[in-house]
$ cat work-v1.pdb   # PDB, C-alpha atoms
ATOM      1  CA  MET A   1      -4.800 -45.719   4.696  1.00  0.00           C
ATOM      2  CA  HIS A   2      -3.289 -47.646   7.515  1.00  0.00           C
ATOM      3  CA  ASN A   3      -4.091 -46.337  10.964  1.00  0.00           C
ATOM      4  CA  GLU A   4      -2.083 -48.756  13.060  1.00  0.00           C
ATOM      5  CA  PRO A   5       1.107 -47.409  14.698  1.00  0.00           C
ATOM      6  CA  LEU A   6       4.429 -48.396  13.188  1.00  0.00           C
ATOM      7  CA  ASP A   7       7.038 -50.218  15.190  1.00  0.00           C
ATOM      8  CA  HIS A   8      10.294 -49.203  13.508  1.00  0.00           C
ATOM      9  CA  ASP A   9      12.292 -51.893  15.317  1.00  0.00           C
ATOM     10  CA  ASN A  10      10.237 -54.783  13.904  1.00  0.00           C
ATOM     11  CA  LEU A  11      10.039 -53.597  10.268  1.00  0.00           C
ATOM     12  CA  SER A  12      12.072 -55.493   7.719  1.00  0.00           C
ATOM     13  CA  GLN A  13      14.253 -53.772   5.148  1.00  0.00           C
ATOM     14  CA  SER A  14      11.756 -54.405   2.331  1.00  0.00           C
ATOM     15  CA  ALA A  15       8.876 -53.086   4.459  1.00  0.00           C
ATOM     16  CA  MET A  16      10.870 -49.899   5.188  1.00  0.00           C
ATOM     17  CA  GLU A  17      11.645 -49.458   1.477  1.00  0.00           C
ATOM     18  CA  HIS A  18       7.987 -50.003   0.618  1.00  0.00           C
ATOM     19  CA  LEU A  19       6.975 -47.440   3.246  1.00  0.00           C
ATOM     20  CA  ASP A  20       9.556 -44.967   1.912  1.00  0.00           C
ATOM     21  CA  GLN A  21       8.254 -45.451  -1.626  1.00  0.00           C
ATOM     22  CA  ARG A  22       4.677 -44.857  -0.478  1.00  0.00           C
ATOM     23  CA  ILE A  23       5.702 -41.682   1.365  1.00  0.00           C
ATOM     24  CA  VAL A  24       7.688 -40.376  -1.619  1.00  0.00           C
ATOM     25  CA  HIS A  25       4.804 -41.193  -3.965  1.00  0.00           C
ATOM     26  CA  ALA A  26       2.310 -39.418  -1.683  1.00  0.00           C
ATOM     27  CA  LEU A  27       4.528 -36.339  -1.434  1.00  0.00           C
ATOM     28  CA  GLU A  28       5.242 -36.146  -5.153  1.00  0.00           C
ATOM     29  CA  THR A  29       1.648 -36.648  -6.281  1.00  0.00           C
ATOM     30  CA  ALA A  30      -0.101 -33.343  -6.910  1.00  0.00           C
ATOM     31  CA  PRO A  31      -3.631 -33.162  -5.540  1.00  0.00           C
ATOM     32  CA  ALA A  32      -6.446 -33.104  -8.061  1.00  0.00           C
ATOM     33  CA  LEU A  33      -8.053 -29.678  -8.116  1.00  0.00           C
ATOM     34  CA  GLN A  34     -11.812 -29.642  -8.180  1.00  0.00           C
ATOM     35  CA  ILE A  35     -13.354 -26.204  -8.530  1.00  0.00           C
ATOM     36  CA  PRO A  36     -17.146 -26.150  -8.669  1.00  0.00           C
ATOM     37  CA  ALA A  37     -18.663 -24.581 -11.783  1.00  0.00           C
ATOM     38  CA  ASP A  38     -20.553 -21.936  -9.785  1.00  0.00           C
ATOM     39  CA  PHE A  39     -17.563 -20.966  -7.610  1.00  0.00           C
ATOM     40  CA  ALA A  40     -16.951 -17.583  -9.280  1.00  0.00           C
ATOM     41  CA  ALA A  41     -20.633 -16.682  -9.116  1.00  0.00           C
ATOM     42  CA  ARG A  42     -20.802 -17.569  -5.405  1.00  0.00           C
ATOM     43  CA  VAL A  43     -17.716 -15.472  -4.612  1.00  0.00           C
ATOM     44  CA  ALA A  44     -19.020 -12.534  -6.667  1.00  0.00           C
ATOM     45  CA  SER A  45     -22.384 -12.688  -4.900  1.00  0.00           C
ATOM     46  CA  ARG A  46     -20.676 -12.316  -1.504  1.00  0.00           C
ATOM     47  CA  LEU A  47     -18.757  -9.177  -2.481  1.00  0.00           C
ATOM     48  CA  PRO A  48     -20.121  -5.860  -1.217  1.00  0.00           C
ATOM     49  CA  ALA A  49     -21.679  -3.513  -3.732  1.00  0.00           C
ATOM     50  CA  ARG A  50     -19.324  -1.006  -5.316  1.00  0.00           C
ATOM     51  CA  ARG A  51     -19.527   2.576  -4.225  1.00  0.00           C
ATOM     52  CA  PRO A  52     -20.410   4.993  -7.000  1.00  0.00           C
ATOM     53  CA  VAL A  53     -17.439   6.827  -8.438  1.00  0.00           C
ATOM     54  CA  SER A  54     -17.390  10.543  -7.732  1.00  0.00           C
ATOM     55  CA  LEU A  55     -17.483  12.566 -10.916  1.00  0.00           C
ATOM     56  CA  THR A  56     -16.501  15.801  -9.202  1.00  0.00           C
ATOM     57  CA  PRO A  57     -12.838  15.736  -8.235  1.00  0.00           C
ATOM     58  CA  THR A  58     -11.817  17.121  -4.873  1.00  0.00           C
ATOM     59  CA  HIS A  59      -8.988  19.617  -4.622  1.00  0.00           C
ATOM     60  CA  TYR A  60      -7.942  19.254  -1.000  1.00  0.00           C
ATOM     61  CA  GLY A  61      -4.238  19.397  -1.833  1.00  0.00           C
ATOM     62  CA  GLN A  62      -4.633  22.483  -3.992  1.00  0.00           C
ATOM     63  CA  ASN A  63      -6.662  24.242  -1.297  1.00  0.00           C
ATOM     64  CA  ALA A  64      -4.069  23.337   1.349  1.00  0.00           C
ATOM     65  CA  MET A  65      -1.286  24.745  -0.834  1.00  0.00           C
ATOM     66  CA  LEU A  66      -3.216  27.959  -1.394  1.00  0.00           C
ATOM     67  CA  ALA A  67      -3.792  28.298   2.352  1.00  0.00           C
ATOM     68  CA  GLY A  68      -0.096  27.628   2.958  1.00  0.00           C
ATOM     69  CA  ILE A  69       0.891  30.335   0.470  1.00  0.00           C
ATOM     70  CA  VAL A  70      -1.418  32.850   2.172  1.00  0.00           C
ATOM     71  CA  VAL A  71      -0.093  31.992   5.655  1.00  0.00           C
ATOM     72  CA  ILE A  72       3.555  32.166   4.543  1.00  0.00           C
ATOM     73  CA  LEU A  73       2.951  35.456   2.736  1.00  0.00           C
ATOM     74  CA  ALA A  74       1.360  36.899   5.883  1.00  0.00           C
ATOM     75  CA  ALA A  75       4.299  35.651   7.983  1.00  0.00           C
ATOM     76  CA  LEU A  76       6.747  37.244   5.535  1.00  0.00           C
ATOM     77  CA  VAL A  77       4.913  40.571   5.731  1.00  0.00           C
ATOM     78  CA  VAL A  78       4.894  40.471   9.555  1.00  0.00           C
ATOM     79  CA  LEU A  79       8.584  39.585   9.659  1.00  0.00           C
ATOM     80  CA  ALA A  80       9.409  42.372   7.190  1.00  0.00           C
ATOM     81  CA  MET A  81       7.568  44.959   9.308  1.00  0.00           C
ATOM     82  CA  HIS A  82       9.209  43.847  12.559  1.00  0.00           C
ATOM     83  CA  SER A  83      12.641  43.080  11.205  1.00  0.00           C
ATOM     84  CA  THR A  84      15.342  44.169  13.645  1.00  0.00           C
ATOM     85  CA  GLY A  85      18.308  42.980  11.647  1.00  0.00           C
ATOM     86  CA  HIS A  86      18.813  39.976  13.909  1.00  0.00           C
ATOM     87  CA  ALA A  87      20.379  36.990  12.121  1.00  0.00           C
ATOM     88  CA  THR A  88      17.674  34.603  13.334  1.00  0.00           C
ATOM     89  CA  PHE A  89      14.907  36.665  11.760  1.00  0.00           C
ATOM     90  CA  GLY A  90      16.896  36.892   8.530  1.00  0.00           C
ATOM     91  CA  LEU A  91      17.286  33.124   8.416  1.00  0.00           C
ATOM     92  CA  LEU A  92      13.603  32.571   9.224  1.00  0.00           C
ATOM     93  CA  GLU A  93      12.603  35.079   6.556  1.00  0.00           C
ATOM     94  CA  SER A  94      14.840  33.347   3.990  1.00  0.00           C
ATOM     95  CA  LEU A  95      13.391  29.915   4.815  1.00  0.00           C
ATOM     96  CA  LEU A  96       9.827  31.184   4.599  1.00  0.00           C
ATOM     97  CA  PHE A  97      10.583  32.893   1.300  1.00  0.00           C
ATOM     98  CA  ALA A  98      12.062  29.659  -0.098  1.00  0.00           C
ATOM     99  CA  GLN A  99       8.946  27.755   0.995  1.00  0.00           C
ATOM    100  CA  PHE A 100       6.740  30.436  -0.559  1.00  0.00           C
ATOM    101  CA  ILE A 101       8.575  30.151  -3.881  1.00  0.00           C
ATOM    102  CA  ALA A 102       8.467  26.325  -3.771  1.00  0.00           C
ATOM    103  CA  LEU A 103       4.714  26.298  -3.118  1.00  0.00           C
ATOM    104  CA  ALA A 104       4.061  28.868  -5.824  1.00  0.00           C
ATOM    105  CA  VAL A 105       6.095  26.895  -8.379  1.00  0.00           C
ATOM    106  CA  TRP A 106       4.440  23.614  -7.384  1.00  0.00           C
ATOM    107  CA  LEU A 107       0.981  25.159  -7.665  1.00  0.00           C
ATOM    108  CA  SER A 108       1.684  26.700 -11.065  1.00  0.00           C
ATOM    109  CA  VAL A 109       3.169  23.460 -12.437  1.00  0.00           C
ATOM    110  CA  TRP A 110       0.211  21.479 -11.068  1.00  0.00           C
ATOM    111  CA  ARG A 111      -2.297  23.856 -12.701  1.00  0.00           C
ATOM    112  CA  HIS A 112      -0.499  23.715 -16.072  1.00  0.00           C
ATOM    113  CA  SER A 113      -0.428  19.903 -15.976  1.00  0.00           C
ATOM    114  CA  LEU A 114      -4.247  19.833 -15.712  1.00  0.00           C
ATOM    115  CA  ARG A 115      -4.722  21.576 -19.048  1.00  0.00           C
TER
END

$ encode --input "work-v1.pdb" --output "structure tokens"
Amino acid sequence: MHNEPLDHDNLSQSAMEHLDQRIVHALETAPALQIPADFAARVASRLPARRPVSLTPTHYGQNAMLAGIVVILAALVVLAMHSTGHATFGLLESLLFAQFIALAVWLSVWRHSLR
């Protein structure tokens, strides 16, 4: 490679064309890939050890849904005992009942899909 600075004012037309050809050739030439034979083994040796896979599945979502059903059922019972006929309580009771039904359906569908 040439390390001397270029003076664009003093370059002839043929020197500029030669320089352009060298630049184009350098840009169009793909580099030669050289991957060492033990590259994969070196990368694999640096990886952390795998954690053992748990054979007992956790059911956090199912337990949360069951807890939600119990809480909503308790809220429905409390609202039914203290119902004064106010429209707000009726709306709240309807929303809680819809959530109760949705959770119950989701839980039953989820249990049937495990069989």

$ resolve_selection --input "work-v1.pdb" --expression "the PyMOL selection byres ((chain A and resi 76) around 10)" --output "list in words"
Val70, Val71, Ile72, Leu73, Ala74, Ala75, Val77, Val78, Leu79, Ala80, Met81, His82, Leu92, Glu93, Ser94, Leu95, Leu96, Phe97 and Phe100 of chain A

$ atom_distance --input "work-v1.pdb" --atom1 "atom CA of A:Val105" --atom2 "atom CA of A:Leu91"
21.1 Å

$ residues_around --input "work-v1.pdb" --residues "A:Ala104" --least-positions-apart "6" --cutoff "10 Å" --atoms "all atoms listed in the file" --output "list in words"
Met65, Leu66, Gly68, Ile69, Ala98 and Trp110 of chain A

$ axis_aligned_box --input "work-v1.pdb" --around "stretch 80-91 of chain A" --padding-each-side "5 Å" --output "AutoDock Vina command-line options"
--center_x 14.0 --center_y 39.0 --center_z 10.5 --size_x 22.8 --size_y 21.8 --size_z 16.7

$ atom_distance --input "work-v1.pdb" --atom1 "atom CA of A:Leu103" --atom2 "atom CA of A:Pro57"
21.1 Å

$ atom_distance --input "work-v1.pdb" --atom1 "atom CA of A:His18" --atom2 "atom CA of A:Ala32"
23.9 Å

$ build_atoms --input "work-v1.pdb" --residues "stretch 47-72 of chain A" --atoms "N, CA and C atoms" --output "PDB file, in the coordinates of the input"
ATOM      1  N   LEU A  47     -19.476 -10.455  -2.507  1.00  0.00           N
ATOM      2  CA  LEU A  47     -18.757  -9.177  -2.481  1.00  0.00           C
ATOM      3  C   LEU A  47     -19.720  -8.033  -2.182  1.00  0.00           C
ATOM      4  N   PRO A  48     -19.247  -7.016  -1.454  1.00  0.00           N
ATOM      5  CA  PRO A  48     -20.121  -5.860  -1.217  1.00  0.00           C
ATOM      6  C   PRO A  48     -20.314  -5.058  -2.501  1.00  0.00           C
ATOM      7  N   ALA A  49     -21.395  -4.329  -2.546  1.00  0.00           N
ATOM      8  CA  ALA A  49     -21.679  -3.513  -3.732  1.00  0.00           C
ATOM      9  C   ALA A  49     -20.635  -2.412  -3.851  1.00  0.00           C
ATOM     10  N   ARG A  50     -20.303  -2.068  -5.082  1.00  0.00           N
ATOM     11  CA  ARG A  50     -19.324  -1.006  -5.316  1.00  0.00           C
ATOM     12  C   ARG A  50     -19.927   0.350  -5.032  1.00  0.00           C
ATOM     13  N   ARG A  51     -19.085   1.206  -4.441  1.00  0.00           N
ATOM     14  CA  ARG A  51     -19.527   2.576  -4.225  1.00  0.00           C
ATOM     15  C   ARG A  51     -19.507   3.316  -5.553  1.00  0.00           C
ATOM     16  N   PRO A  52     -20.435   4.228  -5.751  1.00  0.00           N
ATOM     17  CA  PRO A  52     -20.410   4.993  -7.000  1.00  0.00           C
ATOM     18  C   PRO A  52     -19.171   5.889  -7.058  1.00  0.00           C
ATOM     19  N   VAL A  53     -18.632   6.020  -8.239  1.00  0.00           N
ATOM     20  CA  VAL A  53     -17.439   6.827  -8.438  1.00  0.00           C
ATOM     21  C   VAL A  53     -17.842   8.292  -8.483  1.00  0.00           C
ATOM     22  N   SER A  54     -17.103   9.113  -7.752  1.00  0.00           N
ATOM     23  CA  SER A  54     -17.390  10.543  -7.732  1.00  0.00           C
ATOM     24  C   SER A  54     -16.950  11.164  -9.050  1.00  0.00           C
ATOM     25  N   LEU A  55     -17.825  11.910  -9.659  1.00  0.00           N
ATOM     26  CA  LEU A  55     -17.483  12.566 -10.916  1.00  0.00           C
ATOM     27  C   LEU A  55     -16.912  13.959 -10.699  1.00  0.00           C
ATOM     28  N   THR A  56     -17.072  14.491  -9.508  1.00  0.00           N
ATOM     29  CA  THR A  56     -16.501  15.801  -9.202  1.00  0.00           C
ATOM     30  C   THR A  56     -15.230  15.586  -8.391  1.00  0.00           C
ATOM     31  N   PRO A  57     -14.089  15.943  -8.959  1.00  0.00           N
ATOM     32  CA  PRO A  57     -12.838  15.736  -8.235  1.00  0.00           C
ATOM     33  C   PRO A  57     -12.710  16.710  -7.071  1.00  0.00           C
ATOM     34  N   THR A  58     -12.072  16.252  -6.023  1.00  0.00           N
ATOM     35  CA  THR A  58     -11.817  17.121  -4.873  1.00  0.00           C
ATOM     36  C   THR A  58     -10.429  17.732  -5.039  1.00  0.00           C
ATOM     37  N   HIS A  59     -10.266  18.891  -4.498  1.00  0.00           N
ATOM     38  CA  HIS A  59      -8.988  19.617  -4.622  1.00  0.00           C
ATOM     39  C   HIS A  59      -8.454  19.969  -3.247  1.00  0.00           C
ATOM     40  N   TYR A  60      -8.416  18.990  -2.354  1.00  0.00           N
ATOM     41  CA  TYR A  60      -7.942  19.254  -1.000  1.00  0.00           C
ATOM     42  C   TYR A  60      -6.480  19.682  -0.992  1.00  0.00           C
ATOM     43  N   GLY A  61      -5.654  19.039  -1.776  1.00  0.00           N
ATOM     44  CA  GLY A  61      -4.238  19.397  -1.833  1.00  0.00           C
ATOM     45  C   GLY A  61      -4.025  20.794  -2.369  1.00  0.00           C
ATOM     46  N   GLN A  62      -4.756  21.140  -3.417  1.00  0.00           N
ATOM     47  CA  GLN A  62      -4.633  22.483  -3.992  1.00  0.00           C
ATOM     48  C   GLN A  62      -5.084  23.537  -2.986  1.00  0.00           C
ATOM     49  N   ASN A  63      -6.182  23.288  -2.290  1.00  0.00           N
ATOM     50  CA  ASN A  63      -6.662  24.242  -1.297  1.00  0.00           C
ATOM     51  C   ASN A  63      -5.686  24.375  -0.139  1.00  0.00           C
ATOM     52  N   ALA A  64      -5.065  23.272   0.277  1.00  0.00           N
ATOM     53  CA  ALA A  64      -4.069  23.337   1.349  1.00  0.00           C
ATOM     54  C   ALA A  64      -2.853  24.140   0.903  1.00  0.00           C
ATOM     55  N   MET A  65      -2.432  23.978  -0.336  1.00  0.00           N
ATOM     56  CA  MET A  65      -1.286  24.745  -0.834  1.00  0.00           C
ATOM     57  C   MET A  65      -1.617  26.238  -0.923  1.00  0.00           C
ATOM     58  N   LEU A  66      -2.822  26.549  -1.358  1.00  0.00           N
ATOM     59  CA  LEU A  66      -3.216  27.959  -1.394  1.00  0.00           C
ATOM     60  C   LEU A  66      -3.246  28.557   0.007  1.00  0.00           C
ATOM     61  N   ALA A  67      -3.776  27.815   0.969  1.00  0.00           N
ATOM     62  CA  ALA A  67      -3.792  28.298   2.352  1.00  0.00           C
ATOM     63  C   ALA A  67      -2.367  28.459   2.871  1.00  0.00           C
ATOM     64  N   GLY A  68      -1.499  27.524   2.538  1.00  0.00           N
ATOM     65  CA  GLY A  68      -0.096  27.628   2.958  1.00  0.00           C
ATOM     66  C   GLY A  68       0.579  28.848   2.368  1.00  0.00           C
ATOM     67  N   ILE A  69       0.307  29.144   1.106  1.00  0.00           N
ATOM     68  CA  ILE A  69       0.891  30.335   0.470  1.00  0.00           C
ATOM     69  C   ILE A  69       0.414  31.594   1.175  1.00  0.00           C
ATOM     70  N   VAL A  70      -0.878  31.662   1.495  1.00  0.00           N
ATOM     71  CA  VAL A  70      -1.418  32.850   2.172  1.00  0.00           C
ATOM     72  C   VAL A  70      -0.789  33.005   3.547  1.00  0.00           C
ATOM     73  N   VAL A  71      -0.673  31.919   4.313  1.00  0.00           N
ATOM     74  CA  VAL A  71      -0.093  31.992   5.655  1.00  0.00           C
ATOM     75  C   VAL A  71       1.375  32.395   5.587  1.00  0.00           C
ATOM     76  N   ILE A  72       2.134  31.822   4.662  1.00  0.00           N
ATOM     77  CA  ILE A  72       3.555  32.166   4.543  1.00  0.00           C
ATOM     78  C   ILE A  72       3.718  33.602   4.093  1.00  0.00           C
TER      79      ILE A  72
END
